[in-house]
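Here is model-v2.pdb, consisting of PDB, C-alpha atoms:
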```pdb
ATOM      1  CA  MET A   1       0.000   0.000   0.000
ATOM      2  CA  ARG A   2       1.420   3.382  -0.928
ATOM      3  CA  ASN A   3       0.869   6.261   1.463
ATOM      4  CA  PRO A   4       1.585   9.640  -0.202
ATOM      5  CA  LEU A   5       1.479  11.442   3.142
ATOM      6  CA  LYS A   6       2.812  10.503   6.531
ATOM      7  CA  ARG A   7       1.774  11.537  10.016
ATOM      8  CA  SER A   8       4.623  11.923  12.462
ATOM      9  CA  PRO A   9       4.766  12.881  16.138
ATOM     10  CA  THR A  10       8.337  14.155  15.997
ATOM     11  CA  ALA A  11       9.248  17.789  16.469
ATOM     12  CA  ALA A  12      11.560  18.025  13.479
ATOM     13  CA  PRO A  13       9.743  18.912  10.227
ATOM     14  CA  LYS A  14       9.439  15.824   8.068
ATOM     15  CA  PRO A  15      10.350  16.036   4.390
ATOM     16  CA  THR A  16       7.547  15.447   1.955
ATOM     17  CA  LEU A  17       7.455  12.316  -0.157
ATOM     18  CA  ARG A  18       8.665  14.391  -3.079
ATOM     19  CA  GLU A  19      11.578  15.814  -1.057
ATOM     20  CA  ARG A  20      12.606  12.369   0.196
ATOM     21  CA  PHE A  21      12.562  10.958  -3.326
ATOM     22  CA  ALA A  22      14.553  13.909  -4.671
ATOM     23  CA  ALA A  23      17.139  13.521  -1.908
ATOM     24  CA  MET A  24      17.589   9.826  -2.682
ATOM     25  CA  LYS A  25      18.048  10.453  -6.389
ATOM     26  CA  THR A  26      20.379  13.385  -5.720
ATOM     27  CA  LYS A  27      22.541  11.300  -3.400
ATOM     28  CA  ALA A  28      22.695   8.478  -5.922
ATOM     29  CA  ALA A  29      23.748  10.897  -8.650
ATOM     30  CA  GLY A  30      26.446  12.449  -6.465
ATOM     31  CA  PHE A  31      25.019  15.978  -6.568
ATOM     32  CA  ALA A  32      24.187  18.318  -3.728
ATOM     33  CA  PRO A  33      20.475  19.292  -3.748
ATOM     34  CA  GLU A  34      21.278  22.809  -4.919
ATOM     35  CA  THR A  35      23.466  21.492  -7.712
ATOM     36  CA  SER A  36      20.873  18.964  -8.831
ATOM     37  CA  GLN A  37      18.036  21.490  -8.865
ATOM     38  CA  GLY A  38      20.159  24.068 -10.655
ATOM     39  CA  ARG A  39      21.250  21.499 -13.206
ATOM     40  CA  ARG A  40      17.655  20.497 -13.924
ATOM     41  CA  ALA A  41      16.566  24.127 -14.186
ATOM     42  CA  MET A  42      19.432  24.926 -16.559
ATOM     43  CA  LEU A  43      18.645  21.882 -18.690
ATOM     44  CA  ALA A  44      14.951  22.706 -18.847
ATOM     45  CA  GLY A  45      15.702  26.328 -19.701
ATOM     46  CA  SER A  46      18.172  25.364 -22.411
ATOM     47  CA  VAL A  47      15.726  22.958 -24.003
ATOM     48  CA  ALA A  48      12.896  25.480 -23.838
ATOM     49  CA  ALA A  49      15.055  28.146 -25.469
ATOM     50  CA  ALA A  50      16.310  25.887 -28.240
ATOM     51  CA  LEU A  51      13.189  23.912 -29.019
ATOM     52  CA  PRO A  52       9.914  25.544 -30.137
ATOM     53  CA  LEU A  53       7.712  23.056 -28.311
ATOM     54  CA  PRO A  54       4.309  24.293 -29.520
ATOM     55  CA  ALA A  55       5.437  24.138 -33.144
ATOM     56  CA  LEU A  56       7.084  20.762 -32.675
ATOM     57  CA  ALA A  57       4.177  19.281 -30.742
ATOM     58  CA  ALA A  58       1.805  20.377 -33.477
ATOM     59  CA  THR A  59       3.609  18.070 -35.895
ATOM     60  CA  VAL A  60       2.902  14.899 -33.905
ATOM     61  CA  GLN A  61      -0.292  13.176 -32.909
ATOM     62  CA  ALA A  62      -1.158  11.436 -29.685
ATOM     63  CA  GLY A  63      -1.164   7.661 -29.708
ATOM     64  CA  ASP A  64      -3.916   5.615 -28.138
ATOM     65  CA  ARG A  65      -2.340   5.566 -24.659
ATOM     66  CA  GLU A  66      -1.616   9.282 -24.687
ATOM     67  CA  ALA A  67      -5.147   9.970 -25.897
ATOM     68  CA  ALA A  68      -6.464   7.879 -22.997
ATOM     69  CA  PHE A  69      -4.325   9.916 -20.576
ATOM     70  CA  LEU A  70      -5.535  13.203 -22.024
ATOM     71  CA  ALA A  71      -9.126  11.997 -21.804
ATOM     72  CA  LEU A  72      -8.652  11.913 -18.023
ATOM     73  CA  ALA A  73      -7.661  15.596 -17.874
ATOM     74  CA  PRO A  74     -11.170  16.769 -16.873
ATOM     75  CA  GLU A  75     -10.882  14.518 -13.808
ATOM     76  CA  ILE A  76      -7.176  15.048 -13.094
ATOM     77  CA  VAL A  77      -6.927  18.833 -13.341
ATOM     78  CA  PRO A  78      -9.509  19.731 -10.647
ATOM     79  CA  LEU A  79      -7.827  17.291  -8.253
ATOM     80  CA  VAL A  80      -4.392  18.751  -9.013
ATOM     81  CA  GLN A  81      -5.707  22.261  -8.400
ATOM     82  CA  ARG A  82      -6.881  21.189  -4.946
ATOM     83  CA  LEU A  83      -3.836  19.102  -4.031
ATOM     84  CA  GLY A  84      -1.238  21.858  -3.607
ATOM     85  CA  PRO A  85      -3.375  23.929  -1.220
ATOM     86  CA  ALA A  86      -4.375  20.782   0.700
ATOM     87  CA  LEU A  87      -0.756  19.741   1.222
ATOM     88  CA  ALA A  88       0.181  23.275   2.243
ATOM     89  CA  GLU A  89      -2.676  23.396   4.753
ATOM     90  CA  SER A  90      -1.678  20.036   6.227
ATOM     91  CA  HIS A  91       1.900  21.257   6.607
ATOM     92  CA  ARG A  92       0.735  24.535   8.173
ATOM     93  CA  ARG A  93      -1.397  22.756  10.766
ATOM     94  CA  ASN A  94       1.386  20.360  11.701
ATOM     95  CA  GLU A  95       3.852  23.211  12.106
ATOM     96  CA  ALA A  96       1.386  25.077  14.324
ATOM     97  CA  ALA A  97       0.845  22.001  16.490
ATOM     98  CA  GLU A  98       4.566  21.330  16.813
ATOM     99  CA  ALA A  99       5.228  24.956  17.755
ATOM    100  CA  GLU A 100       2.497  24.776  20.391
ATOM    101  CA  ALA A 101       3.933  21.580  21.873
ATOM    102  CA  ALA A 102       7.326  23.285  22.367
ATOM    103  CA  PRO A 103      10.665  21.921  21.129
ATOM    104  CA  PHE A 104      11.171  18.189  21.337
ATOM    105  CA  PRO A 105      13.184  17.509  24.525
ATOM    106  CA  GLY A 106      14.603  14.194  23.383
ATOM    107  CA  TRP A 107      14.272  10.832  25.090
ATOM    108  CA  ARG A 108      17.027  11.105  27.683
ATOM    109  CA  ASP A 109      14.272  11.516  30.260
ATOM    110  CA  GLU A 110      11.496   9.186  29.131
ATOM    111  CA  ALA A 111       8.865  10.846  31.315
ATOM    112  CA  VAL A 112       9.648  14.272  29.854
ATOM    113  CA  GLY A 113       9.609  12.839  26.338
ATOM    114  CA  ASN A 114       6.264  11.146  26.883
ATOM    115  CA  ALA A 115       4.808  14.355  28.315
ATOM    116  CA  TRP A 116       5.905  16.231  25.203
ATOM    117  CA  LEU A 117       4.412  13.525  22.992
ATOM    118  CA  ALA A 118       1.091  13.834  24.810
ATOM    119  CA  ARG A 119       1.163  17.628  24.320
ATOM    120  CA  LEU A 120       1.909  17.162  20.641
ATOM    121  CA  HIS A 121      -0.965  14.730  20.126
ATOM    122  CA  ALA A 122      -3.307  17.105  21.950
ATOM    123  CA  ALA A 123      -2.137  20.062  19.846
ATOM    124  CA  LYS A 124      -2.544  18.068  16.637
ATOM    125  CA  ALA A 125      -6.106  17.208  17.640
ATOM    126  CA  VAL A 126      -6.897  20.868  18.362
ATOM    127  CA  HIS A 127      -5.455  21.997  15.027
ATOM    128  CA  GLY A 128      -7.223  19.263  13.059
ATOM    129  CA  CYS A 129      -4.009  17.758  11.699
ATOM    130  CA  ALA A 130      -5.525  14.333  11.093
ATOM    131  CA  GLU A 131      -8.414  15.812   9.126
ATOM    132  CA  ALA A 132      -6.063  17.895   6.980
ATOM    133  CA  TRP A 133      -3.836  14.877   6.386
ATOM    134  CA  ASP A 134      -6.830  12.759   5.389
ATOM    135  CA  ALA A 135      -7.997  15.430   2.938
ATOM    136  CA  GLY A 136      -4.602  15.598   1.225
ATOM    137  CA  ASN A 137      -4.200  11.839   1.268
ATOM    138  CA  ALA A 138      -7.601  11.356  -0.366
ATOM    139  CA  LEU A 139      -6.588  13.671  -3.214
ATOM    140  CA  CYS A 140      -3.229  11.902  -3.632
ATOM    141  CA  THR A 141      -4.924   8.516  -3.733
ATOM    142  CA  ALA A 142      -7.564   9.633  -6.226
ATOM    143  CA  LEU A 143      -4.899  11.123  -8.504
ATOM    144  CA  ALA A 144      -2.699   8.051  -8.219
ATOM    145  CA  HIS A 145      -5.549   5.792  -9.306
ATOM    146  CA  LEU A 146      -6.104   7.947 -12.385
ATOM    147  CA  ALA A 147      -2.577   8.885 -13.393
ATOM    148  CA  ASP A 148      -0.130   6.246 -12.167
ATOM    149  CA  PRO A 149      -0.805   3.810 -15.037
ATOM    150  CA  PHE A 150       0.659   6.451 -17.383
ATOM    151  CA  ILE A 151       3.832   7.400 -15.469
ATOM    152  CA  ASN A 152       6.107   5.487 -17.862
ATOM    153  CA  GLU A 153       4.065   6.224 -20.973
ATOM    154  CA  PRO A 154       6.011   8.480 -23.375
ATOM    155  CA  MET A 155       4.003  11.559 -24.341
ATOM    156  CA  ARG A 156       4.568  13.184 -27.717
ATOM    157  CA  THR A 157       2.161  16.113 -27.661
ATOM    158  CA  LEU A 158       2.460  19.303 -25.651
ATOM    159  CA  PRO A 159      -0.864  18.743 -23.819
ATOM    160  CA  GLY A 160       0.270  15.275 -22.751
ATOM    161  CA  ILE A 161       3.631  16.538 -21.500
ATOM    162  CA  MET A 162       1.995  19.473 -19.716
ATOM    163  CA  LEU A 163      -0.481  17.179 -17.971
ATOM    164  CA  LYS A 164       2.418  15.091 -16.672
ATOM    165  CA  ALA A 165       4.216  18.205 -15.425
ATOM    166  CA  ALA A 166       1.050  19.385 -13.672
ATOM    167  CA  LEU A 167       1.151  16.236 -11.530
ATOM    168  CA  ASN A 168       4.471  17.160  -9.918
ATOM    169  CA  ASP A 169       2.835  17.730  -6.507
ATOM    170  CA  LEU A 170       1.878  14.056  -6.570
ATOM    171  CA  GLY A 171       5.560  13.141  -6.875
ATOM    172  CA  GLU A 172       8.682  14.629  -8.423
ATOM    173  CA  TRP A 173       8.855  11.679 -10.803
ATOM    174  CA  TRP A 174       6.028  13.256 -12.799
ATOM    175  CA  GLY A 175       8.115  16.336 -13.567
ATOM    176  CA  GLU A 176      11.070  14.124 -14.409
ATOM    177  CA  SER A 177       8.929  11.993 -16.700
ATOM    178  CA  ALA A 178       7.725  15.134 -18.487
ATOM    179  CA  LEU A 179      11.309  16.369 -18.875
ATOM    180  CA  ALA A 180      12.293  12.959 -20.253
ATOM    181  CA  ASP A 181       9.583  13.344 -22.903
ATOM    182  CA  VAL A 182      10.917  16.793 -23.833
ATOM    183  CA  SER A 183      14.464  15.408 -24.022
ATOM    184  CA  ARG A 184      13.307  12.612 -26.302
ATOM    185  CA  LEU A 185      11.518  15.058 -28.614
ATOM    186  CA  ALA A 186      14.605  17.276 -28.661
ATOM    187  CA  ALA A 187      16.772  14.305 -29.617
ATOM    188  CA  GLU A 188      14.405  13.422 -32.441
ATOM    189  CA  HIS A 189      14.204  17.021 -33.631
ATOM    190  CA  PHE A 190      17.955  17.646 -33.654
ATOM    191  CA  GLY A 191      19.053  14.176 -34.733
ATOM    192  CA  LEU A 192      20.694  13.379 -31.391
ATOM    193  CA  PRO A 193      21.042   9.955 -29.759
ATOM    194  CA  ALA A 194      17.819   8.893 -28.118
ATOM    195  CA  PRO A 195      17.901   9.123 -24.308
ATOM    196  CA  ALA A 196      17.222   6.042 -22.230
ATOM    197  CA  PRO A 197      13.507   5.410 -21.707
ATOM    198  CA  TYR A 198      12.184   6.835 -18.462
ATOM    199  CA  HIS A 199      10.971   4.297 -15.927
ATOM    200  CA  GLN A 200       9.643   4.730 -12.411
ATOM    201  CA  ASP A 201       8.269   1.904 -10.290
ATOM    202  CA  LEU A 202       5.335   2.990  -8.147
ATOM    203  CA  ALA A 203       3.672   1.045  -5.369
ATOM    204  CA  PRO A 204      -0.076   0.550  -5.823
ATOM    205  CA  PRO A 205      -2.164   3.413  -4.418
ATOM    206  CA  GLU A 206      -4.318   2.836  -1.369
ATOM    207  CA  GLY A 207      -7.291   0.630  -2.055
ATOM    208  CA  ASP A 208      -5.515  -1.526  -4.639
ATOM    209  CA  ASP A 209      -4.796  -5.184  -4.002
ATOM    210  CA  GLU A 210      -1.021  -5.477  -4.316
ATOM    211  CA  ASP A 211      -1.291  -9.211  -4.953
ATOM    212  CA  ALA A 212      -3.870  -8.849  -7.697
TER     213      ALA A 212
END
```
Now, as a test, write the supplied structure out as C-alpha cells.
Amino acid sequence: MRNPLKRSPTAAPKPTLRERFAAMKTKAAGFAPETSQGRRAMLAGSVAAALPLPALAATVQAGDREAAFLALAPEIVPLVQRLGPALAESHRRNEAAEAEAAPFPGWRDEAVGNAWLARLHAAKAVHGCAEAWDAGNALCTALAHLADPFINEPMRTLPGIMLKAALNDLGEWWGESALADVSRLAAEHFGLPAPAPYHQDLAPPEGDDEDA
C-alpha cells in the first residue's frame, strides 16, 4: 500500500514524499540538492530556449495511450488544483501544532519525552491535523488511481507533457517523466542519440490489491 502522506509525532519537520525521493536520487547521482536542482533548471531552460515546443508538438499526434491519458484531464486537473493547497494546509497545521507543543526535549528523560508527545498529540487534535492529512491523502490517492498507469508512458504532444508536469505535486517523478519526454523530442528534432527510456516503479495506491 502506498501512502503519499505521513503523520509523524516528531518535532523536526518531516520532508515530503517528493523531497525524500529527490534527496535519494540526488545522493545516488552524487550531486548536492542545490546542484541537482540548478542542473535540472538549466537543462529545462536550455531545451525550452532551443526547441519551439508548440510548433514541434503540433507536428505529432497522440497515440492511443496518450489519448487515454488526455481523456482523463477533466478529472485530473480539478484534483491537481486542490492538491497543492491541501498539502500546504496540512503542513501549516502540523507546524502550528509542533510549535504549540514546544521543542522536542529528546528521550534522555522518558517521562519528559512522553509528556511532550502527549502535548503534541493534543495540539494536533486541536489543530485538526488528522483531518487535513486525510484530505490531502484522499486527493493523492484519487490522482494516483487515475494517473499512475501512465507514469512510464512516453508523451509526444504538448498537452500530454503538460499534464504530466502538472502532476508534480503528486511526486517529483512526474516532472522528471515530463522532462524525459521533452528530451526525447529534442533528440528526435535535432538528430541526437535517443535518451534512455524513463521508468519509475510505483507502489499501488491505497485501495488496490497489491497481490492482484
- Long-range neighbours of Leu202 of chain A as a PyMOL selection string, 10 Å cut-off, all atoms listed in the file, 2 positions minimum in chain: chain A and resi 2+144+148-149+151+173+199-200+204-205
- Task: Could you give me, as a PyMOL selection string, the residues within 12 Å of Ala125 of chain A, counting all atoms listed in the file and dropping anything in the same chain fewer than 4 positions from it?
- Result: chain A and resi 9+93-94+96-98+100-101+118-121+129-133
- To one decimal in Å, tell me the separation between atom CA of Ala186 of chain A and atom CA of Ala71 of chain A.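 Separation between atom CA of Ala186 of chain A and atom CA of Ala71 of chain A: 25.3 Å.
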- Atom-to-atom span, atom CA of Gly84 of chain A and atom CA of Leu158 of chain A, Å: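 Going from atom CA of Gly84 of chain A over to atom CA of Leu158 of chain A covers 22.5 Å.
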- Item | Output of the PyMOL selection byres ((chain A and resi 198) around 9), listed as JSON, numbers by chain | {"A": [151, 152, 153, 154, 176, 177, 180, 181, 195, 196, 197, 199, 200]}
- Item | Interatomic distance (Å, one decimal) between atom CA of Ser90 of chain A and atom CA of Glu172 of chain A |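 Between atom CA of Ser90 of chain A and atom CA of Glu172 of chain A the gap works out to 18.7 Å.
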- Message: Ranking A:Ala67, A:Val126, A:Ala99, A:Ala147 by minimum distance to Asn168 of chain A and counting only C-alpha atoms, which one comes first?
- Response: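 Smallest separation from Asn168 of chain A among the options: A:Ala147.
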Could you expand the PyMOL selection byres ((chain A and resi 79) around 12) into the explicit residues it covers here, written as a compact mmCIF listing (two decimals) with C-alpha atoms, in the coordinates of the input?
```txt
# COMPACT_ATOMS: atom_id res chain seq x y z
CA LEU A 72 -8.65 11.91 -18.02
CA ALA A 73 -7.66 15.60 -17.87
CA PRO A 74 -11.17 16.77 -16.87
CA GLU A 75 -10.88 14.52 -13.81
CA ILE A 76 -7.18 15.05 -13.09
CA VAL A 77 -6.93 18.83 -13.34
CA PRO A 78 -9.51 19.73 -10.65
CA VAL A 80 -4.39 18.75 -9.01
CA GLN A 81 -5.71 22.26 -8.40
CA ARG A 82 -6.88 21.19 -4.95
CA LEU A 83 -3.84 19.10 -4.03
CA GLY A 84 -1.24 21.86 -3.61
CA PRO A 85 -3.38 23.93 -1.22
CA ALA A 86 -4.38 20.78 0.70
CA ALA A 135 -8.00 15.43 2.94
CA GLY A 136 -4.60 15.60 1.23
CA ASN A 137 -4.20 11.84 1.27
CA ALA A 138 -7.60 11.36 -0.37
CA LEU A 139 -6.59 13.67 -3.21
CA CYS A 140 -3.23 11.90 -3.63
CA THR A 141 -4.92 8.52 -3.73
CA ALA A 142 -7.56 9.63 -6.23
CA LEU A 143 -4.90 11.12 -8.50
CA ALA A 144 -2.70 8.05 -8.22
CA HIS A 145 -5.55 5.79 -9.31
CA LEU A 146 -6.10 7.95 -12.38
CA ALA A 147 -2.58 8.88 -13.39
CA ALA A 166 1.05 19.39 -13.67
CA LEU A 167 1.15 16.24 -11.53
CA ASP A 169 2.84 17.73 -6.51
CA LEU A 170 1.88 14.06 -6.57
```
